[in-house]
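Here's the structure we're looking at; comments come further down.
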Amino acid sequence: RSKMQVNMTRKWRHWALCAVLAIGSVLAAWSLGEVSFFQTLNLKAYDAHFVVRNYLFGPPPIPNIVLLTGDQNAMDIFPEPLEFWNKHYAAAITAAGEAGAKVIGLDLAFGIPIDKYEKDADEKLAGAVSSSPVPVVVGYVERLQSNKAAQTIPINMIAAALGLAAFANLTSDSDDFSRRQELMEAPSPKPDDPPPARCLAMRIVEKYLGADAEIRNGKIMLQGRAIPTQNRTVTINYAGGPGTFTRVSLADFVAAAEAGDKAKLRKWVQGKIVLVGSDFVQDRYDTPFFNPLIKHSDTAGVEVHANTVRTLLDHLYLVGVPQWLRLLSLILATTVTVLVSTSAAASRAVPLILLEIIAILIFTHFLFESGLILSTSELLLATSICLVFSIVYRFATEERRGNLFRSAVALFVGKKAATSIDETEAIALSGKRLEVTILFTDIRCFTAFTEDMSAKEGPEAVVQILNEYMAAMVAIIVKHRGHANKFIGDGILAIFSDDDEGSIPGDHPIRAVRCATEIVTLPNRFETGAGIHTGPAVVGNVGSADKMEYTVLGDTVNLASRLESLNKEHHTKLLMSGATQSRLGNQVETVYLSDAPVRGKALPISLYTVASLVAKAVVNA
């Protein structure tokens, strides 16, 4: 195949793997969304949108809702226990109605008659509800009103008779936080049965608007508009944390009523929805603003109802994005992640991934502000899974590529250079002075052989034969733990030193001589000559920043080369200098040939060869 085809195949394989990583991460994140831990994580990420909005913009003004709360101030002023505050509730209802309130809601449940403790207290409260000029929605809790005594309490009877009763139960998520509210109970299949019960907030809104909601085709319709719900449950769009709504202490309100301060009362409630409830710990709930490190960060139940009322009145609905947008967002997030993490350099990939995370946070919060819920945690989970997979893929790919380049460096430059680069993690022009044994080999009459072979079988045959020869020679050099430094035409420069792996200090001359002996006696179509000399040399990286080479420099190299060239003159295959021979001890038997002048040397050089080679030469002669 052509180089272009190979590159295209490699690219397509890379993109295919990236696509698998991206889609696999999407499926993994989608599946993990069913695990309780990640469901909770998703809820906490959803809560963060409210906290961020409150931090950035603060709570909005809410002019049409006010809370009358039984708080610590009321507890300090009213002499009766909390369970016996009916007359104070009655006074507040009467005063609020006369001061121009639009609707009154009681986030209170009356499950025990108190007439025997406070004479006419139950009748007074019921009378205030029935005589109020504005609707008074009365809350109830099913478990408290399941007994007959609770059902006979006057206020419960009046509320049921006037259609003003509503369940005050709050809807909780799996982590016991209040983020949603069931608006209606399931409708009865029997047409003659009474309409389904409403929650407190829903009934207040109906009375405020003067129109009842109805269920059509499974949808809750109010004034001709559908309320986006899931199982008749709406998501509460919290305006802010605890204390967002205007609060008036029940004690202060009753005091103003008793003082006849109508101006103050009108200022507090005229034209508004008035919610009466408790601010004590037993009626507080965890909402998106709850922080276990902050005291009183939970929200009063009456304020949760107020937030639900505001959500319904102002149509501030929060709904999940369509599934296609959810899927598209996940695919886009993982695609960007896999492309950046597998293609960009690490120094660029890290800031780009951080920018992607910031973009996800901004995008999901922008959707939240627009009333659409796209899970931030799900997107970040998909991104994280994809990032882990991509890093593993990139590590495996770069490890494979690193091994390839390491092998290439070892192959083209040498194992020593490769090892040096691997250990120092740097490429530098450097060297060191060592005592080495240099081995030079050369093929006899190779030029004539090349011309003849090239004419007969072509240059490719010459290259193939030479490659086979070089492979055999290098294998022998490696076998004796030497370093084949470079090829010079048909010749080889090999280095032996104490730095060689597995070497014994001072054994490099012996290894070099044994290596050369095996090379020159190896049966093949060529006759090889070898020259060996031992001495000091500089070994290291030589060149420039653009091109460098790991090599050996010095007179030792030059002398080994010249010894090799003397083989033809002395009719030998291997020549070594006295410097090498003197280091062999009795490990290798040698023969002294003569002292011969060498170009570049003032004094003749003693020449030696291996005794076994001389014996073979005599036998062959």
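Following the order of the structure tokens, chains are lettered A, B, ..., residues in each are numbered from 1, and ligands are numbered from 1.
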Handout entry: 12 Å contact set for Leu17 of chain A, only C-alpha atoms, chain neighbours under 4 positions out, as number ranges by chain
Key = A: 10-13, 21-24, 335, 338-339, 342, 386, 389-390, 393-394, 397
Could those selected residues go to a file with N, CA and C atoms, as a short mmCIF file (atom, residue, chain, number, x, y, z; two decimals), in the first residue's frame?
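As written to disk, selection32.cif reads:
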data_model
loop_
_atom_site.label_atom_id
_atom_site.label_comp_id
_atom_site.auth_asym_id
_atom_site.auth_seq_id
_atom_site.Cartn_x
_atom_site.Cartn_y
_atom_site.Cartn_z
N ARG A 10 -4.53 4.69 9.19
CA ARG A 10 -4.19 5.01 10.58
C ARG A 10 -5.13 6.09 11.13
N LYS A 11 -5.42 7.09 10.31
CA LYS A 11 -6.31 8.17 10.76
C LYS A 11 -7.72 7.65 11.00
N TRP A 12 -8.21 6.83 10.05
CA TRP A 12 -9.57 6.29 10.22
C TRP A 12 -9.64 5.41 11.46
N ARG A 13 -8.60 4.64 11.72
CA ARG A 13 -8.58 3.80 12.91
C ARG A 13 -8.61 4.67 14.17
N LEU A 21 -14.78 5.65 22.08
CA LEU A 21 -14.56 6.20 23.41
C LEU A 21 -15.66 7.20 23.78
N ALA A 22 -16.02 8.07 22.84
CA ALA A 22 -17.04 9.09 23.10
C ALA A 22 -18.40 8.46 23.36
N ILE A 23 -18.83 7.56 22.46
CA ILE A 23 -20.15 6.93 22.60
C ILE A 23 -20.17 6.04 23.84
N GLY A 24 -19.09 5.32 24.07
CA GLY A 24 -19.03 4.46 25.26
C GLY A 24 -19.14 5.27 26.55
N THR A 335 -17.12 14.11 22.78
CA THR A 335 -16.35 14.26 21.54
C THR A 335 -15.24 15.28 21.71
N VAL A 338 -12.49 13.72 23.97
CA VAL A 338 -11.63 12.71 23.36
C VAL A 338 -10.72 13.33 22.30
N LEU A 339 -11.21 14.32 21.58
CA LEU A 339 -10.37 14.96 20.57
C LEU A 339 -9.22 15.73 21.21
N THR A 342 -6.71 13.22 23.17
CA THR A 342 -5.92 12.28 22.37
C THR A 342 -5.09 12.96 21.30
N CYS A 386 -14.80 9.75 29.83
CA CYS A 386 -14.14 9.84 28.52
C CYS A 386 -12.69 10.25 28.69
N PHE A 389 -10.70 7.18 29.87
CA PHE A 389 -10.51 6.26 28.76
C PHE A 389 -9.51 6.81 27.75
N SER A 390 -9.60 8.10 27.48
CA SER A 390 -8.72 8.73 26.50
C SER A 390 -7.27 8.72 26.99
N TYR A 393 -6.00 5.27 26.58
CA TYR A 393 -5.73 5.04 25.15
C TYR A 393 -4.47 5.78 24.72
N ARG A 394 -4.37 7.04 25.16
CA ARG A 394 -3.21 7.83 24.75
C ARG A 394 -1.93 7.26 25.36
N THR A 397 -1.04 4.23 23.41
CA THR A 397 -0.55 4.59 22.08
C THR A 397 0.83 5.21 22.16
#
Handout entry: Gln587 of chain A environment, 10 Å, only C-alpha atoms, sequence neighbours closer than 5 positions dropped, as a ChimeraX atom specification
Key = /A:507,510,514
Could you give me, as a tab-separated table, a per-residue list for segment 26-116 of chain A showing, wherever an atom lies at most 12 Å from an atom of segment 294-300 of chain A, the closest pair of atoms and their distance in Å to one decimal, using only C-alpha atoms and sorting by chain then residue number from low to high?
residue	atom	partner	partner_atom	distance
A:Val51	CA	A:Ser297	CA	11.8
A:Leu67	CA	A:Ala300	CA	10.5
A:Leu68	CA	A:Ala300	CA	11.7
A:Thr69	CA	A:Ala300	CA	9.3
A:Gly70	CA	A:Ala300	CA	10.6
A:Asp71	CA	A:Ala300	CA	10.5
A:Asp107	CA	A:Ala300	CA	10.3
Print the selection's residues with C-alpha atoms to a file, as a PDB file, in the first residue's frame.
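again_31.pdb, freshly written:
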ATOM      1  CA  VAL A  51     -26.899  28.649  45.171  1.00  0.00           C
ATOM      2  CA  LEU A  67     -45.432  35.260  55.569  1.00  0.00           C
ATOM      3  CA  LEU A  68     -46.952  35.531  59.034  1.00  0.00           C
ATOM      4  CA  THR A  69     -44.747  33.246  61.091  1.00  0.00           C
ATOM      5  CA  GLY A  70     -44.970  31.813  64.526  1.00  0.00           C
ATOM      6  CA  ASP A  71     -41.379  32.533  65.485  1.00  0.00           C
ATOM      7  CA  ASP A 107     -49.760  25.998  56.736  1.00  0.00           C
TER       8      ASP A 107
END
Exercise for the section: Excluding Arg179 of chain A and any residue of its chain fewer than 6 positions from it, enumerate the residues within 12 Å of it, using only C-alpha atoms, and give them as a PyMOL selection string. Expected result: chain A and resi 43-44+46-47+50+170-173+233-238+285-290+299+304-305+307-308+311+318
Write out as a short mmCIF file (atom, residue, chain, number, x, y, z; two decimals) with C-alpha atoms, in the first residue's frame which residues come within 12 Å of segment 470-479 of chain A when counting only C-alpha atoms, dropping same-chain ones fewer than 2 positions away.
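Everything below was put into part36.cif:
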data_model
loop_
_atom_site.label_atom_id
_atom_site.label_comp_id
_atom_site.auth_asym_id
_atom_site.auth_seq_id
_atom_site.Cartn_x
_atom_site.Cartn_y
_atom_site.Cartn_z
CA LEU A 411 18.74 0.76 15.72
CA GLY A 414 22.88 2.68 19.02
CA LYS A 415 21.73 1.19 22.28
CA ILE A 438 37.81 -0.30 18.75
CA LEU A 439 37.01 -2.96 16.19
CA PHE A 440 37.01 -2.10 12.49
CA THR A 441 35.81 -4.65 9.91
CA ASP A 442 35.79 -4.40 6.15
CA ILE A 443 34.81 -6.65 3.24
CA VAL A 463 21.46 -4.26 -0.86
CA GLN A 464 19.72 -7.45 0.22
CA ILE A 465 23.00 -9.43 0.41
CA LEU A 466 24.73 -6.60 2.27
CA ASN A 467 21.86 -6.37 4.74
CA GLU A 468 22.06 -10.08 5.42
CA ARG A 481 28.25 -7.23 24.34
CA GLY A 482 29.76 -4.70 21.99
CA HIS A 483 28.18 -1.64 20.39
CA ALA A 484 27.93 -1.43 16.59
CA ASN A 485 28.38 2.31 16.32
CA LYS A 486 28.16 2.91 12.60
CA PHE A 487 28.38 1.43 9.13
CA ILE A 488 30.99 2.98 6.86
CA GLY A 489 30.12 1.70 3.43
CA ASP A 490 30.68 -2.04 3.75
CA GLY A 491 32.65 -1.60 6.95
CA ILE A 492 31.57 -1.62 10.60
CA LEU A 493 32.88 0.42 13.53
CA ALA A 494 32.25 -1.34 16.83
CA ILE A 495 33.06 -0.12 20.35
CA PHE A 496 33.83 -2.25 23.39
CA ASP A 500 28.84 -2.22 28.07
CA GLU A 501 25.96 -4.02 29.76
CA GLY A 502 27.10 -7.16 31.58
CA SER A 503 30.77 -6.38 31.13
CA HIS A 508 36.65 -5.28 26.61
CA ARG A 511 35.55 -9.51 24.03
CA ALA A 512 36.59 -7.48 21.01
CA VAL A 513 39.22 -10.02 19.90
CA ARG A 514 36.85 -12.95 20.32
CA CYS A 515 34.17 -11.05 18.44
CA ALA A 516 36.56 -10.24 15.57
CA THR A 517 37.73 -13.85 15.42
CA GLU A 518 34.16 -15.08 15.05
CA ILE A 519 33.41 -12.44 12.41
CA VAL A 520 36.39 -13.21 10.15
CA THR A 521 35.82 -16.97 10.40
CA LEU A 522 32.07 -16.89 9.81
CA PRO A 523 31.31 -18.80 6.62
CA ASN A 524 29.77 -16.48 3.99
CA PHE A 526 32.60 -12.43 1.64
CA THR A 528 36.21 -10.00 6.05
CA ALA A 530 39.36 -6.82 11.11
#
Practice task
Name the closest residue to Leu275 of chain A among the candidates A:Leu355, A:Ala596, A:Val591, A:Ile104; distances are taken between atoms, counting only C-alpha atoms.
Solution key: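 So, comparing all the options, the nearest one is A:Ile104.
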Exercise for the section: Provide the atom CA of Leu327 of chain A to atom CA of Ser343 of chain A distance in Å, to one decimal place. Expected result: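 Value for the atom CA of Leu327 of chain A-atom CA of Ser343 of chain A distance: 23.8 Å.
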From a DSSP pass on the backbone, collect the residues of segment 47-141 of chain A flagged as strand (DSSP E or B) and hand them back as a PDB file with N, CA and C atoms, in the first residue's frame.
ATOM      1  N   ILE A  65     -46.415  38.265  48.039  1.00  0.00           N
ATOM      2  CA  ILE A  65     -46.524  37.176  49.018  1.00  0.00           C
ATOM      3  C   ILE A  65     -45.861  37.625  50.317  1.00  0.00           C
ATOM      4  N   VAL A  66     -46.549  37.405  51.440  1.00  0.00           N
ATOM      5  CA  VAL A  66     -45.988  37.738  52.744  1.00  0.00           C
ATOM      6  C   VAL A  66     -46.249  36.571  53.689  1.00  0.00           C
ATOM      7  N   LEU A  67     -45.313  36.354  54.613  1.00  0.00           N
ATOM      8  CA  LEU A  67     -45.432  35.260  55.569  1.00  0.00           C
ATOM      9  C   LEU A  67     -45.689  35.806  56.966  1.00  0.00           C
ATOM     10  N   LEU A  68     -46.709  35.259  57.614  1.00  0.00           N
ATOM     11  CA  LEU A  68     -46.952  35.531  59.034  1.00  0.00           C
ATOM     12  C   LEU A  68     -46.462  34.300  59.780  1.00  0.00           C
ATOM     13  N   THR A  69     -45.384  34.427  60.511  1.00  0.00           N
ATOM     14  CA  THR A  69     -44.747  33.246  61.091  1.00  0.00           C
ATOM     15  C   THR A  69     -44.817  33.235  62.606  1.00  0.00           C
ATOM     16  N   GLY A  70     -45.102  32.041  63.099  1.00  0.00           N
ATOM     17  CA  GLY A  70     -44.970  31.813  64.526  1.00  0.00           C
ATOM     18  C   GLY A  70     -43.500  31.576  64.821  1.00  0.00           C
ATOM     19  N   VAL A 103     -55.652  36.442  49.418  1.00  0.00           N
ATOM     20  CA  VAL A 103     -55.906  35.055  49.829  1.00  0.00           C
ATOM     21  C   VAL A 103     -55.073  34.795  51.076  1.00  0.00           C
ATOM     22  N   ILE A 104     -55.616  33.971  51.971  1.00  0.00           N
ATOM     23  CA  ILE A 104     -54.885  33.577  53.174  1.00  0.00           C
ATOM     24  C   ILE A 104     -54.725  32.066  53.155  1.00  0.00           C
ATOM     25  N   GLY A 105     -53.519  31.606  53.456  1.00  0.00           N
ATOM     26  CA  GLY A 105     -53.267  30.170  53.531  1.00  0.00           C
ATOM     27  C   GLY A 105     -52.703  29.807  54.874  1.00  0.00           C
ATOM     28  N   LEU A 106     -53.264  28.756  55.476  1.00  0.00           N
ATOM     29  CA  LEU A 106     -52.797  28.293  56.781  1.00  0.00           C
ATOM     30  C   LEU A 106     -51.965  27.033  56.590  1.00  0.00           C
ATOM     31  N   VAL A 136     -59.784  31.582  52.763  1.00  0.00           N
ATOM     32  CA  VAL A 136     -58.762  31.110  53.708  1.00  0.00           C
ATOM     33  C   VAL A 136     -58.571  29.612  53.456  1.00  0.00           C
ATOM     34  N   VAL A 137     -57.438  29.273  52.825  1.00  0.00           N
ATOM     35  CA  VAL A 137     -57.137  27.869  52.527  1.00  0.00           C
ATOM     36  C   VAL A 137     -56.505  27.250  53.765  1.00  0.00           C
ATOM     37  N   VAL A 138     -57.095  26.141  54.206  1.00  0.00           N
ATOM     38  CA  VAL A 138     -56.676  25.509  55.456  1.00  0.00           C
ATOM     39  C   VAL A 138     -55.941  24.211  55.129  1.00  0.00           C
ATOM     40  N   GLY A 139     -54.729  24.093  55.644  1.00  0.00           N
ATOM     41  CA  GLY A 139     -53.948  22.896  55.392  1.00  0.00           C
ATOM     42  C   GLY A 139     -54.317  21.752  56.310  1.00  0.00           C
ATOM     43  N   TYR A 140     -54.056  20.553  55.829  1.00  0.00           N
ATOM     44  CA  TYR A 140     -54.253  19.376  56.682  1.00  0.00           C
ATOM     45  C   TYR A 140     -53.181  18.342  56.344  1.00  0.00           C
TER      46      TYR A 140
END
Practice task
May I have the residues within 9 Å of Leu380 of chain A as a PyMOL selection string, using only C-alpha atoms and disregarding those fewer than 3 positions away in the same chain?
Solution key: chain A and resi 333+357+360-361+375-377+383-385
Please write the residues from the selection above to a file, keeping C-alpha atoms, as a compact mmCIF listing (two decimals), in the first residue's frame.
# COMPACT_ATOMS: atom_id res chain seq x y z
CA ALA A 333 -19.00 16.94 25.55
CA ILE A 357 -15.52 22.08 32.09
CA ILE A 360 -20.28 23.00 30.64
CA LEU A 361 -20.90 24.83 33.92
CA SER A 375 -27.70 17.68 34.40
CA THR A 376 -24.32 19.27 35.01
CA SER A 377 -23.09 16.25 36.93
CA THR A 383 -16.49 13.97 30.39
CA SER A 384 -14.54 12.39 33.26
CA ILE A 385 -15.15 8.84 32.03
Practice task
Compile the contact shell of Leu313 of chain A as a ChimeraX atom specification: residues with an atom at most 12 Å away, counting only C-alpha atoms, same-chain residues fewer than 6 positions apart removed.
Solution key: /A:62,64-65,201-209,222-223,225,227,236-237,273,306-307
Problem - DSSP alpha helix (DSSP H) residues within segment 116-232 of chain A, listed as an MDAnalysis selection string - result: chainID A and resid 121:131 148:151 154:162 200:209
